[in-house]
Amino acid sequence: MLVLRSSGASPFVRKVRIAADILGFADRIQVVEADTMNPAPDLLSQNPLGKIPTLVLENGETLYDSAVILDYLDALAGGGAIIPQGWSRYDALRLEALADGIMDAALLLVYEGRWRPEEHRVQKWVDHQKAKVERGLDVAQARHAKPGGPTHVGQIALACALGYLDLRHEGRWRQSHPKLVAWLDDFAKRVPAFEKTKVVPA
Ligand SMILES: N[C@@H](CCC(=O)N[C@@H](CS)C(=O)NCC(=O)O)C(=O)O
């Protein structure tokens with residue numbers, strides 16, 4: 001059994017869960033909650049960065065981050081299933097990096113609100129992160145919002161980024177990016193794991 005260190009709302013964990021479902025590995029993965037703030041050597045002994053997702057393999061090795069885990073799962077499935085070959089490979093990996101970057105910036109904005117007292121917030125830094133999200137969405141809409149096509153790591157990551165913006169940033173992206181809205185609707189129809197892994201705000 002593979003063990004996925006996880007937390008319910010993590011968009012990066014969602015990437016892994018969707019990929020596992022597509023590849024038919026969902027039953028081989030035990031999802032175990034991890035507290036990323038816990039200083040005890042629980043998650044930290046598996047990933048010194050203390051981040052999730054972290055995947056613990058059957059031989060005790062651990063893998064992180066989400067892109068590495070998706071690459072591993074693809075290889076486990078024989079290769080070429082969610083990471084295409086040829087130039088398409090770089091197109092997919094670049095989209096994955098773009099969507100991961102959107103998630104990183106969106107997550108930092110959440111952490112800013114959660115951890116930093118109001119009087120210590122720096123608006124310039126907040127705007128800097130928001131601009132990354134905006135530029136990332138603009139490029140995703142211009143280049144990657146074509147419905148259909150084989151489901152690859154880039155599409156999985158983009159869907160998770162948009163889902164996270166819905167969950168934590170009130171879905172504000174929807175009004176300015178109608179083609180991405182249509183793309184996500186199509187993705188949700190094609191990939192049932194997207195709905196299955198949806199988190200309802202607490
Ligand atoms: N690049 C990493 C990012 C993972 C990440 O930032 N995970 C967040 C939760 S969504 C986390 O573990 N945060 C805890 C921390 O930064 O200490 C990946 O793709 O897996």
# chains A, B, ... in the order shown; residues from 1 in each chain; ligands from 1

$ residues_near_ligand --ligand "ligand 1" --cutoff "9 Å" --atoms "only C-alpha atoms and all ligand atoms" --output "PyMOL selection string"
chain A and resi 6-7+9-13+15+35-37+49-54+64-69+97+100-101+103-104+107-108+111

$ residues_around --residues "region 25-29 of chain A" --least-positions-apart "5" --cutoff "8 Å" --atoms "only C-alpha atoms" --output "PyMOL selection string"
chain A and resi 1-4+17+20

$ write_last_selection --atoms "C-alpha atoms" --output "PDB file, in the first residue's frame"
ATOM      1  CA  MET A   1       0.000   0.000   0.000  1.00  0.00           C
ATOM      2  CA  LEU A   2       1.186   3.515  -0.841  1.00  0.00           C
ATOM      3  CA  VAL A   3       0.577   6.129   1.857  1.00  0.00           C
ATOM      4  CA  LEU A   4      -0.346   9.673   0.857  1.00  0.00           C
ATOM      5  CA  ARG A  17      -5.766  11.934  -5.855  1.00  0.00           C
ATOM      6  CA  ALA A  20      -4.393   8.103  -8.914  1.00  0.00           C
TER       7      ALA A  20
END

$ closest_atom_pairs --of "region 28-111 of chain A" --to "region 131-143 of chain A" --cutoff "8 Å" --atoms "only C-alpha atoms" --output "JSON lines"
{"residue": "A:Leu95", "atom": "CA", "partner": "A:Ala140", "partner_atom": "CA", "distance": 7.6}
{"residue": "A:Leu98", "atom": "CA", "partner": "A:Gly136", "partner_atom": "CA", "distance": 6.3}
{"residue": "A:Ala99", "atom": "CA", "partner": "A:Gly136", "partner_atom": "CA", "distance": 7.3}
{"residue": "A:Gly101", "atom": "CA", "partner": "A:Gly136", "partner_atom": "CA", "distance": 7.8}
{"residue": "A:Ile102", "atom": "CA", "partner": "A:Val133", "partner_atom": "CA", "distance": 4.9}
{"residue": "A:Met103", "atom": "CA", "partner": "A:Val133", "partner_atom": "CA", "distance": 7.9}
{"residue": "A:Ala105", "atom": "CA", "partner": "A:Val133", "partner_atom": "CA", "distance": 6.4}
{"residue": "A:Ala106", "atom": "CA", "partner": "A:Val133", "partner_atom": "CA", "distance": 6.8}

$ select_by_dssp --residues "region 13-125 of chain A" --states "strand (DSSP E)" --output "ChimeraX atom specification"
/A:29-33,54-56,62-63

$ atom_distance --atom1 "CA of Gly149 (chain A)" --atom2 "CA of Gln175 (chain A)"
24.4 Å

$ decode --residues "region 28-68 of chain A" --atoms "N, CA and C atoms" --output "PDB file, in the first residue's frame"
ATOM      1  N   ARG A  28      -5.015   1.562  -4.134  1.00  0.00           N
ATOM      2  CA  ARG A  28      -3.661   1.204  -3.651  1.00  0.00           C
ATOM      3  C   ARG A  28      -3.072   2.299  -2.772  1.00  0.00           C
ATOM      4  N   ILE A  29      -3.828   3.380  -2.590  1.00  0.00           N
ATOM      5  CA  ILE A  29      -3.300   4.520  -1.833  1.00  0.00           C
ATOM      6  C   ILE A  29      -4.121   4.752  -0.576  1.00  0.00           C
ATOM      7  N   GLN A  30      -3.426   4.702   0.557  1.00  0.00           N
ATOM      8  CA  GLN A  30      -4.078   5.023   1.818  1.00  0.00           C
ATOM      9  C   GLN A  30      -3.811   6.497   2.119  1.00  0.00           C
ATOM     10  N   VAL A  31      -4.878   7.259   2.308  1.00  0.00           N
ATOM     11  CA  VAL A  31      -4.721   8.693   2.566  1.00  0.00           C
ATOM     12  C   VAL A  31      -4.626   8.902   4.077  1.00  0.00           C
ATOM     13  N   VAL A  32      -3.501   9.463   4.527  1.00  0.00           N
ATOM     14  CA  VAL A  32      -3.293   9.687   5.969  1.00  0.00           C
ATOM     15  C   VAL A  32      -3.061  11.179   6.206  1.00  0.00           C
ATOM     16  N   GLU A  33      -3.918  11.760   7.028  1.00  0.00           N
ATOM     17  CA  GLU A  33      -3.821  13.192   7.328  1.00  0.00           C
ATOM     18  C   GLU A  33      -2.461  13.537   7.930  1.00  0.00           C
ATOM     19  N   ALA A  34      -1.959  14.707   7.592  1.00  0.00           N
ATOM     20  CA  ALA A  34      -0.699  15.191   8.178  1.00  0.00           C
ATOM     21  C   ALA A  34      -0.890  16.636   8.598  1.00  0.00           C
ATOM     22  N   ASP A  35      -0.331  16.971   9.748  1.00  0.00           N
ATOM     23  CA  ASP A  35      -0.385  18.350  10.220  1.00  0.00           C
ATOM     24  C   ASP A  35       0.946  19.013   9.859  1.00  0.00           C
ATOM     25  N   THR A  36       0.901  19.938   8.889  1.00  0.00           N
ATOM     26  CA  THR A  36       2.157  20.540   8.403  1.00  0.00           C
ATOM     27  C   THR A  36       2.783  21.474   9.439  1.00  0.00           C
ATOM     28  N   MET A  37       2.052  21.782  10.492  1.00  0.00           N
ATOM     29  CA  MET A  37       2.604  22.661  11.540  1.00  0.00           C
ATOM     30  C   MET A  37       3.173  21.870  12.721  1.00  0.00           C
ATOM     31  N   ASN A  38       3.050  20.549  12.652  1.00  0.00           N
ATOM     32  CA  ASN A  38       3.507  19.724  13.775  1.00  0.00           C
ATOM     33  C   ASN A  38       5.034  19.589  13.756  1.00  0.00           C
ATOM     34  N   PRO A  39       5.738  20.059  14.807  1.00  0.00           N
ATOM     35  CA  PRO A  39       7.195  19.978  14.811  1.00  0.00           C
ATOM     36  C   PRO A  39       7.724  18.568  15.126  1.00  0.00           C
ATOM     37  N   ALA A  40       6.821  17.646  15.482  1.00  0.00           N
ATOM     38  CA  ALA A  40       7.256  16.268  15.786  1.00  0.00           C
ATOM     39  C   ALA A  40       7.748  15.594  14.501  1.00  0.00           C
ATOM     40  N   PRO A  41       8.666  14.606  14.643  1.00  0.00           N
ATOM     41  CA  PRO A  41       9.231  13.968  13.442  1.00  0.00           C
ATOM     42  C   PRO A  41       8.269  12.979  12.783  1.00  0.00           C
ATOM     43  N   ASP A  42       7.058  13.410  12.528  1.00  0.00           N
ATOM     44  CA  ASP A  42       6.083  12.559  11.850  1.00  0.00           C
ATOM     45  C   ASP A  42       6.200  12.827  10.354  1.00  0.00           C
ATOM     46  N   LEU A  43       5.585  13.876   9.870  1.00  0.00           N
ATOM     47  CA  LEU A  43       5.734  14.258   8.463  1.00  0.00           C
ATOM     48  C   LEU A  43       7.174  14.685   8.159  1.00  0.00           C
ATOM     49  N   LEU A  44       7.813  15.357   9.127  1.00  0.00           N
ATOM     50  CA  LEU A  44       9.160  15.891   8.884  1.00  0.00           C
ATOM     51  C   LEU A  44      10.188  14.797   8.594  1.00  0.00           C
ATOM     52  N   SER A  45       9.958  13.598   9.141  1.00  0.00           N
ATOM     53  CA  SER A  45      10.898  12.514   8.861  1.00  0.00           C
ATOM     54  C   SER A  45      10.670  11.953   7.454  1.00  0.00           C
ATOM     55  N   GLN A  46       9.510  12.252   6.891  1.00  0.00           N
ATOM     56  CA  GLN A  46       9.197  11.776   5.536  1.00  0.00           C
ATOM     57  C   GLN A  46       9.499  12.837   4.484  1.00  0.00           C
ATOM     58  N   ASN A  47       9.383  14.079   4.887  1.00  0.00           N
ATOM     59  CA  ASN A  47       9.663  15.201   3.978  1.00  0.00           C
ATOM     60  C   ASN A  47      10.214  16.340   4.839  1.00  0.00           C
ATOM     61  N   PRO A  48      11.509  16.621   4.731  1.00  0.00           N
ATOM     62  CA  PRO A  48      12.117  17.648   5.588  1.00  0.00           C
ATOM     63  C   PRO A  48      11.503  19.027   5.397  1.00  0.00           C
ATOM     64  N   LEU A  49      10.809  19.217   4.261  1.00  0.00           N
ATOM     65  CA  LEU A  49      10.160  20.511   4.033  1.00  0.00           C
ATOM     66  C   LEU A  49       8.837  20.604   4.787  1.00  0.00           C
ATOM     67  N   GLY A  50       8.369  19.464   5.306  1.00  0.00           N
ATOM     68  CA  GLY A  50       7.123  19.457   6.074  1.00  0.00           C
ATOM     69  C   GLY A  50       5.909  19.783   5.213  1.00  0.00           C
ATOM     70  N   LYS A  51       5.973  19.412   3.943  1.00  0.00           N
ATOM     71  CA  LYS A  51       4.874  19.761   3.045  1.00  0.00           C
ATOM     72  C   LYS A  51       4.106  18.527   2.603  1.00  0.00           C
ATOM     73  N   ILE A  52       2.872  18.781   2.222  1.00  0.00           N
ATOM     74  CA  ILE A  52       2.047  17.750   1.607  1.00  0.00           C
ATOM     75  C   ILE A  52       1.717  18.198   0.187  1.00  0.00           C
ATOM     76  N   PRO A  53       1.551  17.278  -0.746  1.00  0.00           N
ATOM     77  CA  PRO A  53       1.568  15.834  -0.581  1.00  0.00           C
ATOM     78  C   PRO A  53       2.990  15.275  -0.445  1.00  0.00           C
ATOM     79  N   THR A  54       3.059  14.203   0.353  1.00  0.00           N
ATOM     80  CA  THR A  54       4.256  13.366   0.424  1.00  0.00           C
ATOM     81  C   THR A  54       3.760  11.928   0.264  1.00  0.00           C
ATOM     82  N   LEU A  55       4.413  11.179  -0.610  1.00  0.00           N
ATOM     83  CA  LEU A  55       3.975   9.800  -0.853  1.00  0.00           C
ATOM     84  C   LEU A  55       4.998   8.844  -0.268  1.00  0.00           C
ATOM     85  N   VAL A  56       4.535   7.947   0.607  1.00  0.00           N
ATOM     86  CA  VAL A  56       5.422   6.944   1.190  1.00  0.00           C
ATOM     87  C   VAL A  56       5.252   5.651   0.392  1.00  0.00           C
ATOM     88  N   LEU A  57       6.343   5.194  -0.185  1.00  0.00           N
ATOM     89  CA  LEU A  57       6.285   3.989  -1.035  1.00  0.00           C
ATOM     90  C   LEU A  57       6.345   2.720  -0.187  1.00  0.00           C
ATOM     91  N   GLU A  58       6.077   1.583  -0.828  1.00  0.00           N
ATOM     92  CA  GLU A  58       6.059   0.314  -0.096  1.00  0.00           C
ATOM     93  C   GLU A  58       7.435  -0.048   0.461  1.00  0.00           C
ATOM     94  N   ASN A  59       8.510   0.431  -0.184  1.00  0.00           N
ATOM     95  CA  ASN A  59       9.871   0.132   0.313  1.00  0.00           C
ATOM     96  C   ASN A  59      10.355   1.150   1.345  1.00  0.00           C
ATOM     97  N   GLY A  60       9.455   2.064   1.771  1.00  0.00           N
ATOM     98  CA  GLY A  60       9.811   3.041   2.800  1.00  0.00           C
ATOM     99  C   GLY A  60      10.363   4.350   2.251  1.00  0.00           C
ATOM    100  N   GLU A  61      10.719   4.374   0.963  1.00  0.00           N
ATOM    101  CA  GLU A  61      11.174   5.632   0.338  1.00  0.00           C
ATOM    102  C   GLU A  61      10.015   6.624   0.333  1.00  0.00           C
ATOM    103  N   THR A  62      10.350   7.902   0.371  1.00  0.00           N
ATOM    104  CA  THR A  62       9.278   8.896   0.254  1.00  0.00           C
ATOM    105  C   THR A  62       9.521   9.764  -0.976  1.00  0.00           C
ATOM    106  N   LEU A  63       8.417  10.216  -1.564  1.00  0.00           N
ATOM    107  CA  LEU A  63       8.501  11.091  -2.748  1.00  0.00           C
ATOM    108  C   LEU A  63       7.734  12.380  -2.512  1.00  0.00           C
ATOM    109  N   TYR A  64       8.286  13.463  -2.932  1.00  0.00           N
ATOM    110  CA  TYR A  64       7.656  14.778  -2.963  1.00  0.00           C
ATOM    111  C   TYR A  64       8.376  15.544  -4.052  1.00  0.00           C
ATOM    112  N   ASP A  65       7.816  16.553  -4.713  1.00  0.00           N
ATOM    113  CA  ASP A  65       6.530  17.151  -4.460  1.00  0.00           C
ATOM    114  C   ASP A  65       5.480  16.566  -5.398  1.00  0.00           C
ATOM    115  N   SER A  66       4.365  17.297  -5.608  1.00  0.00           N
ATOM    116  CA  SER A  66       3.260  16.715  -6.374  1.00  0.00           C
ATOM    117  C   SER A  66       3.669  16.337  -7.801  1.00  0.00           C
ATOM    118  N   ALA A  67       4.503  17.162  -8.448  1.00  0.00           N
ATOM    119  CA  ALA A  67       4.896  16.858  -9.834  1.00  0.00           C
ATOM    120  C   ALA A  67       5.697  15.554  -9.891  1.00  0.00           C
ATOM    121  N   VAL A  68       6.568  15.353  -8.896  1.00  0.00           N
ATOM    122  CA  VAL A  68       7.379  14.124  -8.837  1.00  0.00           C
ATOM    123  C   VAL A  68       6.464  12.916  -8.588  1.00  0.00           C
TER     124      VAL A  68
END
